[in-house]
Amino acid sequence: MKKLIVLAVIFSQLFAQHKDKPKHSSLMERKYTIEKLQMGDVGPVRIVQLYADGFEKLSLKEKVFTYYLYQSAIAARDISIDQRHRDALEIRELMEALYTHPKGIDKKSYENIVLYTKLFWVNNSQYDNITSRKFVMQGSFEEFVANVNTAVKNGAKISLNKGETLTQKLERLQRAIFDKTFEPVHTNKTPGEDMIAGSANNLYDGTTFAEVEAWAKAGKEKNPLNSKVVKENGQLVEKIYRTGNKHLGGTIPAGMYAEDLQVAISYLEKAKAYASTPLQAENLGKLIKFYQTGDLNDWRDYNIGWVKETESQVDMIHGFIEVYLDARGAKGQFESVVNFANPELTELFQKVGTNAQYFEDRMPWDAQYKKSDVKPLKYTVINVVVETGDAGPVSAIGINLPNEQDVREQYGSKSVTLYNIVDAYDKTGGKDILKEFAFDAQEVERADKYASLADNMHTALHEVLGHASGKISPNLKVDPQAALPGYYSTLEEARADLVALYHIWDPKLVEIGIISNTMETMKAMYDKEVRNAGLVQLQRVPKGHDQLEEDHMKNRQMNVHWLWKNADCIEQVQKDGKTFFRVTDYEKMRVGVGKLLAEIQRIKSEGDLAAAKLLIDTYGFKIDTTLRDEVLQRMEKLDRAVYTGFVMPKLEPVKDKKGNITDVKTAYPLDLAKQMLEYSAFTKREKEKAKAILSK
Ligand SMILES: [Zn+2]
């Protein structure tokens, strides 16, 4: 479960207290923002270079290990692009062909191509990841066809289906690229609409929500997480992502995306030899087995091992993990995050995890939903080396895994804060947005002093305590995710946020030496939550839209609007012709937070779908469009970005004459296109090799 960046701009000075001062002057001159993209109602999107400081301090063994994991992460990324839309990989190939063959294309046309292609790269498809709405190519289709023909004449290679001409192919893709009204919504959770038939993603094909639910209830859904459900000859069929093991003499046939997974496997195998601990090597073996069998029991096995492995400095997330893309909340999108720990910061924040039972005992909910045996939680402050698939170029700031409830309850979970991502946000955000939307100078001053620590604590408490807390009622026979289709993700994120807001009051945090002033840190956290949910996040909802789609945005608005209407602690006020949201009573707000948190825990524990619907549809769904218009107008003169796409560090091996790796260096391309084209070329090349292995 991941916590998305709230807003780059309000992440002021996160970790400032613990940050090393740059010693080298070149660090000061570093470029973070590369460019800003805007097209119609998409953006502005900030493109930022990510830096992996500290990588050079790893041992050679760790560096080589990281390098192979990095390649494995890139290898399987096309799976997630295919999951986002059935035509996405074909569209990407077309756009990359156009992008790399500008000759003979007029200037305006080429600008349109560049903009569309970059936004496509950042979003891994033609759907905006915040609004869930499709964006389309500017200019006419006829012009586009002419440009593709020009590119082909100049050497661009475009693959064709058997028996299909280039013209036929372009006509087949026309609506996906040009028609905004065709399959307009990526993940459709609008009440009353069909969340499967009405969603444009590629997780299901030719079916409806009612059909899938009936089929699942009949016990036919075996591998919900790593499969696609397709209607064939009137029957629903589960198509599993796996390589099979026939090439190894086994009996399991290959499934979806066998070649991509085989490339990933080949790099995981190379990495295995460089693992830091025997358990880490064993776990990679388990992950490889899972990609071969596609059996979720093997995935569970891997996850258990992954949670237990807490020694090594380099770690990885790799698999079909988060379910946000699926309105039904069942199918995982492929993602990978390769990272290494920052030992000093980890030690500091690990203290929250060590005291998890203390906080669980003090949760505001009914005793029957409290855990009495909270497993020690592993909390790590990490630096990202690469994020692919669902994890990048748009990144989370905190991650808590695994998502499987039973594994979490028995074995615990691992939480991370993505330090270099947060740091990059900090370096690129504008202080002017805080000034514009804070009610008074006192709020600005408090944010200046305490917001970084408050943000930091918010992420830690959300990930370490939030997602890991609470117990399911014995009356609930299924996973809460299955009991709350369309509502689970929003509810779970709301729960984790409220845990952070609730426990920031606790003097224990001072006692264990993480913060020095609970009251001021708490106030800064509450101010920001209210300011953000009430006003600032509305900038991410473009004109013409009147509802929220992204789970974290919905959960934030739901929490704050519920408190505003029910807890007598927040007010909406006018000052100098502008609207503000402010906390009027912090103590009452904490009482309200406790009350709402207790109810949300009850809903999750009991799987109370009617109550979840009522809460989220009432408070978290529709926005105040007049207020949104005002926010956008006030934002106009500010350096805002709706979200950020990261250019990842590049790892380059240094080899001796015999071809042995003697070092691995980081390089920073400062160029989104260059990186994306390299990734595509790498996957294409490697897949050919995998084909040969699988056909043995
Ligand atoms: Zn979360």
# chains A, B, ... in the order shown; residues from 1 in each chain; ligands from 1
>>> residues_near_ligand(ligand="ligand 1", cutoff="12 Å", atoms="only C-alpha atoms and all ligand atoms", output="NGL selection string")
:A and (1-6 or 322 or 324 or 396-403 or 415-417 or 458-469 or 488-500 or 551-553 or 555-556)
>>> write_last_selection(atoms="C-alpha atoms", output="JSON list (two decimals), in the first residue's frame")
[["chain", "number", "residue", "atom", "x", "y", "z"],
["A", 1, "MET", "CA", 0.00, 0.00, 0.00],
["A", 2, "LYS", "CA", 1.46, 3.24, -0.93],
["A", 3, "LYS", "CA", 1.07, 6.78, 0.00],
["A", 4, "LEU", "CA", 1.18, 9.05, -2.99],
["A", 5, "ILE", "CA", 2.77, 12.39, -2.87],
["A", 6, "VAL", "CA", 0.26, 14.87, -1.57],
["A", 322, "GLU", "CA", -0.94, -2.62, -5.83],
["A", 324, "TYR", "CA", -5.50, 0.73, -7.36],
["A", 396, "ALA", "CA", 4.95, 7.20, -4.02],
["A", 397, "ILE", "CA", 6.69, 8.63, -0.95],
["A", 398, "GLY", "CA", 6.02, 5.72, 1.37],
["A", 399, "ILE", "CA", 5.27, 2.04, 0.87],
["A", 400, "ASN", "CA", 4.06, -0.68, 3.23],
["A", 401, "LEU", "CA", 4.00, -4.28, 2.06],
["A", 402, "PRO", "CA", 2.98, -7.03, 1.61],
["A", 403, "ASN", "CA", -0.70, -6.33, 0.99],
["A", 415, "SER", "CA", 7.60, -0.08, 5.58],
["A", 416, "VAL", "CA", 9.74, 2.34, 3.69],
["A", 417, "THR", "CA", 10.00, 6.07, 3.25],
["A", 458, "HIS", "CA", 2.80, 11.47, 8.91],
["A", 459, "THR", "CA", 4.48, 9.07, 6.50],
["A", 460, "ALA", "CA", 6.06, 7.02, 9.27],
["A", 461, "LEU", "CA", 2.86, 6.71, 11.31],
["A", 462, "HIS", "CA", 0.74, 6.09, 8.20],
["A", 463, "GLU", "CA", 2.97, 3.32, 6.88],
["A", 464, "VAL", "CA", 4.38, 1.73, 10.00],
["A", 465, "LEU", "CA", 1.39, 1.89, 12.33],
["A", 466, "GLY", "CA", -1.51, 2.72, 10.01],
["A", 467, "HIS", "CA", -1.64, -0.07, 7.47],
["A", 468, "ALA", "CA", -0.22, -2.63, 9.87],
["A", 469, "SER", "CA", -2.80, -2.03, 12.60],
["A", 488, "TYR", "CA", -11.60, -0.71, 0.07],
["A", 489, "SER", "CA", -8.58, 1.24, -1.14],
["A", 490, "THR", "CA", -10.04, 4.65, -0.23],
["A", 491, "LEU", "CA", -11.15, 3.37, 3.15],
["A", 492, "GLU", "CA", -7.80, 1.77, 3.95],
["A", 493, "GLU", "CA", -5.86, 4.92, 3.04],
["A", 494, "ALA", "CA", -8.26, 7.00, 5.15],
["A", 495, "ARG", "CA", -7.64, 4.66, 8.06],
["A", 496, "ALA", "CA", -3.86, 4.94, 7.79],
["A", 497, "ASP", "CA", -4.00, 8.76, 7.56],
["A", 498, "LEU", "CA", -6.24, 8.96, 10.62],
["A", 499, "VAL", "CA", -3.85, 6.75, 12.59],
["A", 500, "ALA", "CA", -1.13, 9.31, 11.87],
["A", 551, "ASP", "CA", -7.95, 6.91, -3.77],
["A", 552, "HIS", "CA", -5.60, 9.05, -1.66],
["A", 553, "MET", "CA", -7.27, 12.27, -2.77],
["A", 555, "ASN", "CA", -9.65, 9.59, 1.38],
["A", 556, "ARG", "CA", -8.16, 12.96, 2.32]]
>>> residues_around(residues="Trp306 (chain A)", least_positions_apart="5", cutoff="10 Å", atoms="only C-alpha atoms", output="list in words")
Leu279, Gln280, Glu282, Asn283, Leu284, Lys286, Leu287, Arg300, Asp301, Asp315, Met316, Ile317, Leu401, Pro402, Ser413 and Lys414 of chain A
>>> write_last_selection(atoms="C-alpha atoms", output="mmCIF file, in the first residue's frame")
data_model
loop_
_atom_site.group_PDB
_atom_site.id
_atom_site.type_symbol
_atom_site.label_atom_id
_atom_site.label_comp_id
_atom_site.auth_asym_id
_atom_site.auth_seq_id
_atom_site.Cartn_x
_atom_site.Cartn_y
_atom_site.Cartn_z
ATOM 1 C CA LEU A 279 17.733 -15.743 3.026
ATOM 2 C CA GLN A 280 17.807 -13.004 0.403
ATOM 3 C CA GLU A 282 16.588 -18.009 -1.227
ATOM 4 C CA ASN A 283 13.842 -15.392 -1.606
ATOM 5 C CA LEU A 284 14.942 -14.514 -5.112
ATOM 6 C CA LYS A 286 11.069 -18.132 -4.549
ATOM 7 C CA LEU A 287 10.190 -15.103 -6.648
ATOM 8 C CA ARG A 300 2.800 -15.957 -0.448
ATOM 9 C CA ASP A 301 5.906 -18.006 0.247
ATOM 10 C CA ASP A 315 16.169 -4.486 -1.136
ATOM 11 C CA MET A 316 13.597 -4.706 -3.867
ATOM 12 C CA ILE A 317 9.867 -4.713 -4.521
ATOM 13 C CA LEU A 401 3.996 -4.284 2.061
ATOM 14 C CA PRO A 402 2.980 -7.029 1.607
ATOM 15 C CA SER A 413 5.224 -6.104 7.150
ATOM 16 C CA LYS A 414 7.977 -3.829 5.905
#
>>> residues_around(residues="Leu615 (chain A)", least_positions_apart="2", cutoff="12 Å", atoms="only C-alpha atoms", output="PDB file with C-alpha atoms, in the first residue's frame")
ATOM      1  CA  TYR A 487     -14.378   1.219  -1.643  1.00  0.00           C
ATOM      2  CA  TYR A 488     -11.605  -0.711   0.073  1.00  0.00           C
ATOM      3  CA  THR A 490     -10.042   4.648  -0.231  1.00  0.00           C
ATOM      4  CA  LEU A 491     -11.147   3.373   3.152  1.00  0.00           C
ATOM      5  CA  ALA A 494      -8.262   7.001   5.150  1.00  0.00           C
ATOM      6  CA  LYS A 554     -10.694  10.811  -2.033  1.00  0.00           C
ATOM      7  CA  ASN A 555      -9.654   9.590   1.378  1.00  0.00           C
ATOM      8  CA  GLN A 557     -11.271  14.878   1.327  1.00  0.00           C
ATOM      9  CA  MET A 558     -13.499  12.348   3.058  1.00  0.00           C
ATOM     10  CA  ASN A 559     -11.600  12.651   6.343  1.00  0.00           C
ATOM     11  CA  VAL A 560     -11.458  16.428   6.370  1.00  0.00           C
ATOM     12  CA  HIS A 561     -15.006  17.031   5.110  1.00  0.00           C
ATOM     13  CA  TRP A 562     -16.368  14.563   7.657  1.00  0.00           C
ATOM     14  CA  LEU A 563     -14.503  16.374  10.442  1.00  0.00           C
ATOM     15  CA  LEU A 596     -14.043   8.587  12.584  1.00  0.00           C
ATOM     16  CA  GLU A 599     -15.936   3.800  12.687  1.00  0.00           C
ATOM     17  CA  ILE A 600     -13.645   3.157   9.729  1.00  0.00           C
ATOM     18  CA  ILE A 603     -16.295  -0.926   8.656  1.00  0.00           C
ATOM     19  CA  ASP A 608     -19.689  -3.227   6.100  1.00  0.00           C
ATOM     20  CA  LEU A 609     -20.099  -2.202   2.460  1.00  0.00           C
ATOM     21  CA  ALA A 610     -23.230  -0.073   2.968  1.00  0.00           C
ATOM     22  CA  ALA A 611     -21.487   2.045   5.620  1.00  0.00           C
ATOM     23  CA  ALA A 612     -18.351   2.414   3.458  1.00  0.00           C
ATOM     24  CA  LYS A 613     -20.458   3.577   0.520  1.00  0.00           C
ATOM     25  CA  ASP A 617     -19.991   8.825  -1.490  1.00  0.00           C
ATOM     26  CA  THR A 618     -21.119  11.550   0.907  1.00  0.00           C
ATOM     27  CA  TYR A 619     -17.772  13.114   1.788  1.00  0.00           C
ATOM     28  CA  GLY A 620     -15.063  11.854  -0.541  1.00  0.00           C
ATOM     29  CA  PHE A 621     -16.447  11.883  -4.003  1.00  0.00           C
TER      30      PHE A 621
END
>>> residues_around(residues="region 205-213 of chain A", least_positions_apart="5", cutoff="7 Å", atoms="only C-alpha atoms", output="list in words")
Asp194, Met195, Ile196, Ala197, Val229, Val230 and Lys231 of chain A
>>> write_last_selection(atoms="N, CA and C atoms", output="CSV table (one decimal), in the first residue's frame")
chain,number,residue,atom,x,y,z
A,194,ASP,N,-20.8,0.7,-14.1
A,194,ASP,CA,-20.2,-0.6,-14.1
A,194,ASP,C,-18.7,-0.4,-14.0
A,195,MET,N,-18.1,-0.9,-12.8
A,195,MET,CA,-16.7,-0.6,-12.6
A,195,MET,C,-15.8,-1.5,-13.4
A,196,ILE,N,-16.3,-2.5,-14.1
A,196,ILE,CA,-15.4,-3.2,-15.0
A,196,ILE,C,-15.7,-2.8,-16.5
A,197,ALA,N,-17.0,-3.0,-16.9
A,197,ALA,CA,-17.3,-2.6,-18.3
A,197,ALA,C,-17.0,-1.1,-18.5
A,229,VAL,N,-8.9,-11.3,-16.6
A,229,VAL,CA,-10.1,-12.2,-16.8
A,229,VAL,C,-10.7,-11.8,-18.1
A,230,VAL,N,-10.9,-12.8,-19.0
A,230,VAL,CA,-11.4,-12.6,-20.3
A,230,VAL,C,-12.6,-13.5,-20.6
A,231,LYS,N,-13.5,-13.0,-21.3
A,231,LYS,CA,-14.7,-13.8,-21.7
A,231,LYS,C,-14.4,-14.5,-23.0
>>> closest_residue(among="A:Ile265, A:Leu225, A:Leu632, A:Val48", to="Asn297 (chain A)", atoms="only C-alpha atoms")
A:Leu225
>>> decode(residues="region 135-180 of chain A", atoms="N, CA and C atoms", output="short mmCIF file (atom, residue, chain, number, x, y, z; two decimals), in the first residue's frame")
data_model
loop_
_atom_site.label_atom_id
_atom_site.label_comp_id
_atom_site.auth_asym_id
_atom_site.auth_seq_id
_atom_site.Cartn_x
_atom_site.Cartn_y
_atom_site.Cartn_z
N PHE A 135 -6.15 11.32 -22.14
CA PHE A 135 -5.74 12.51 -22.87
C PHE A 135 -5.47 12.10 -24.31
N VAL A 136 -5.67 13.03 -25.23
CA VAL A 136 -5.59 12.67 -26.65
C VAL A 136 -4.56 13.52 -27.39
N MET A 137 -4.15 12.95 -28.52
CA MET A 137 -3.20 13.60 -29.41
C MET A 137 -3.85 14.84 -30.02
N GLN A 138 -3.08 15.94 -30.05
CA GLN A 138 -3.57 17.18 -30.68
C GLN A 138 -3.35 17.10 -32.20
N GLY A 139 -4.07 17.90 -32.97
CA GLY A 139 -3.95 17.85 -34.44
C GLY A 139 -4.90 16.81 -35.01
N SER A 140 -4.94 16.74 -36.35
CA SER A 140 -5.92 15.84 -36.97
C SER A 140 -5.34 14.45 -37.20
N PHE A 141 -6.24 13.49 -37.33
CA PHE A 141 -5.84 12.11 -37.58
C PHE A 141 -5.13 12.00 -38.95
N GLU A 142 -5.64 12.74 -39.93
CA GLU A 142 -5.06 12.70 -41.28
C GLU A 142 -3.59 13.15 -41.26
N GLU A 143 -3.36 14.21 -40.51
CA GLU A 143 -2.00 14.73 -40.36
C GLU A 143 -1.10 13.67 -39.69
N PHE A 144 -1.69 13.00 -38.70
CA PHE A 144 -0.97 11.96 -37.96
C PHE A 144 -0.58 10.81 -38.91
N VAL A 145 -1.53 10.38 -39.73
CA VAL A 145 -1.26 9.30 -40.69
C VAL A 145 -0.12 9.71 -41.63
N ALA A 146 -0.20 10.94 -42.11
CA ALA A 146 0.84 11.44 -43.03
C ALA A 146 2.20 11.42 -42.33
N ASN A 147 2.22 11.84 -41.04
CA ASN A 147 3.48 11.85 -40.29
C ASN A 147 4.05 10.46 -40.07
N VAL A 148 3.17 9.51 -39.77
CA VAL A 148 3.63 8.13 -39.58
C VAL A 148 4.25 7.63 -40.88
N ASN A 149 3.59 7.91 -42.00
CA ASN A 149 4.12 7.48 -43.30
C ASN A 149 5.48 8.12 -43.59
N THR A 150 5.62 9.38 -43.23
CA THR A 150 6.91 10.07 -43.41
C THR A 150 7.99 9.39 -42.56
N ALA A 151 7.64 9.09 -41.31
CA ALA A 151 8.61 8.45 -40.41
C ALA A 151 9.03 7.08 -40.94
N VAL A 152 8.06 6.33 -41.45
CA VAL A 152 8.37 5.01 -42.00
C VAL A 152 9.30 5.14 -43.21
N LYS A 153 9.00 6.13 -44.06
CA LYS A 153 9.87 6.37 -45.22
C LYS A 153 11.30 6.68 -44.77
N ASN A 154 11.40 7.32 -43.61
CA ASN A 154 12.73 7.69 -43.09
C ASN A 154 13.34 6.63 -42.19
N GLY A 155 12.78 5.44 -42.24
CA GLY A 155 13.43 4.33 -41.56
C GLY A 155 12.80 3.85 -40.27
N ALA A 156 11.69 4.48 -39.81
CA ALA A 156 11.05 4.04 -38.57
C ALA A 156 10.44 2.65 -38.77
N LYS A 157 10.62 1.79 -37.76
CA LYS A 157 10.07 0.43 -37.84
C LYS A 157 8.80 0.35 -36.98
N ILE A 158 7.70 -0.10 -37.61
CA ILE A 158 6.46 -0.26 -36.86
C ILE A 158 5.94 -1.67 -37.10
N SER A 159 5.70 -2.39 -36.01
CA SER A 159 5.28 -3.79 -36.20
C SER A 159 3.81 -3.84 -36.62
N LEU A 160 3.50 -4.85 -37.42
CA LEU A 160 2.13 -4.99 -37.92
C LEU A 160 1.60 -6.38 -37.58
N ASN A 161 0.31 -6.43 -37.27
CA ASN A 161 -0.34 -7.74 -37.08
C ASN A 161 -0.38 -8.45 -38.42
N LYS A 162 -0.46 -9.74 -38.35
CA LYS A 162 -0.54 -10.54 -39.57
C LYS A 162 -1.75 -10.12 -40.40
N GLY A 163 -1.51 -9.83 -41.65
CA GLY A 163 -2.62 -9.51 -42.56
C GLY A 163 -3.14 -8.09 -42.42
N GLU A 164 -2.45 -7.27 -41.62
CA GLU A 164 -2.92 -5.90 -41.41
C GLU A 164 -1.94 -4.92 -42.04
N THR A 165 -2.47 -3.92 -42.76
CA THR A 165 -1.60 -2.90 -43.33
C THR A 165 -1.39 -1.79 -42.30
N LEU A 166 -0.41 -0.94 -42.57
CA LEU A 166 -0.16 0.18 -41.66
C LEU A 166 -1.40 1.08 -41.55
N THR A 167 -2.03 1.35 -42.67
CA THR A 167 -3.23 2.18 -42.66
C THR A 167 -4.32 1.56 -41.79
N GLN A 168 -4.50 0.26 -41.96
CA GLN A 168 -5.53 -0.42 -41.14
C GLN A 168 -5.19 -0.35 -39.66
N LYS A 169 -3.91 -0.48 -39.36
CA LYS A 169 -3.49 -0.41 -37.97
C LYS A 169 -3.80 0.97 -37.38
N LEU A 170 -3.46 2.01 -38.12
CA LEU A 170 -3.70 3.37 -37.62
C LEU A 170 -5.20 3.62 -37.46
N GLU A 171 -5.99 3.10 -38.37
CA GLU A 171 -7.45 3.26 -38.24
C GLU A 171 -7.98 2.52 -37.02
N ARG A 172 -7.39 1.35 -36.76
CA ARG A 172 -7.81 0.58 -35.58
C ARG A 172 -7.49 1.34 -34.29
N LEU A 173 -6.35 2.06 -34.28
CA LEU A 173 -5.94 2.76 -33.06
C LEU A 173 -6.47 4.19 -32.97
N GLN A 174 -7.13 4.64 -34.04
CA GLN A 174 -7.55 6.05 -34.11
C GLN A 174 -8.33 6.51 -32.88
N ARG A 175 -9.35 5.74 -32.49
CA ARG A 175 -10.18 6.19 -31.37
C ARG A 175 -9.41 6.19 -30.06
N ALA A 176 -8.52 5.22 -29.89
CA ALA A 176 -7.74 5.17 -28.64
C ALA A 176 -6.83 6.39 -28.52
N ILE A 177 -6.34 6.89 -29.66
CA ILE A 177 -5.39 8.01 -29.63
C ILE A 177 -6.08 9.38 -29.74
N PHE A 178 -7.18 9.44 -30.48
CA PHE A 178 -7.77 10.74 -30.80
C PHE A 178 -9.13 11.04 -30.17
N ASP A 179 -9.87 10.01 -29.77
CA ASP A 179 -11.25 10.24 -29.34
C ASP A 179 -11.36 10.21 -27.81
N LYS A 180 -11.54 11.40 -27.26
CA LYS A 180 -11.62 11.54 -25.79
C LYS A 180 -12.87 10.87 -25.20
#
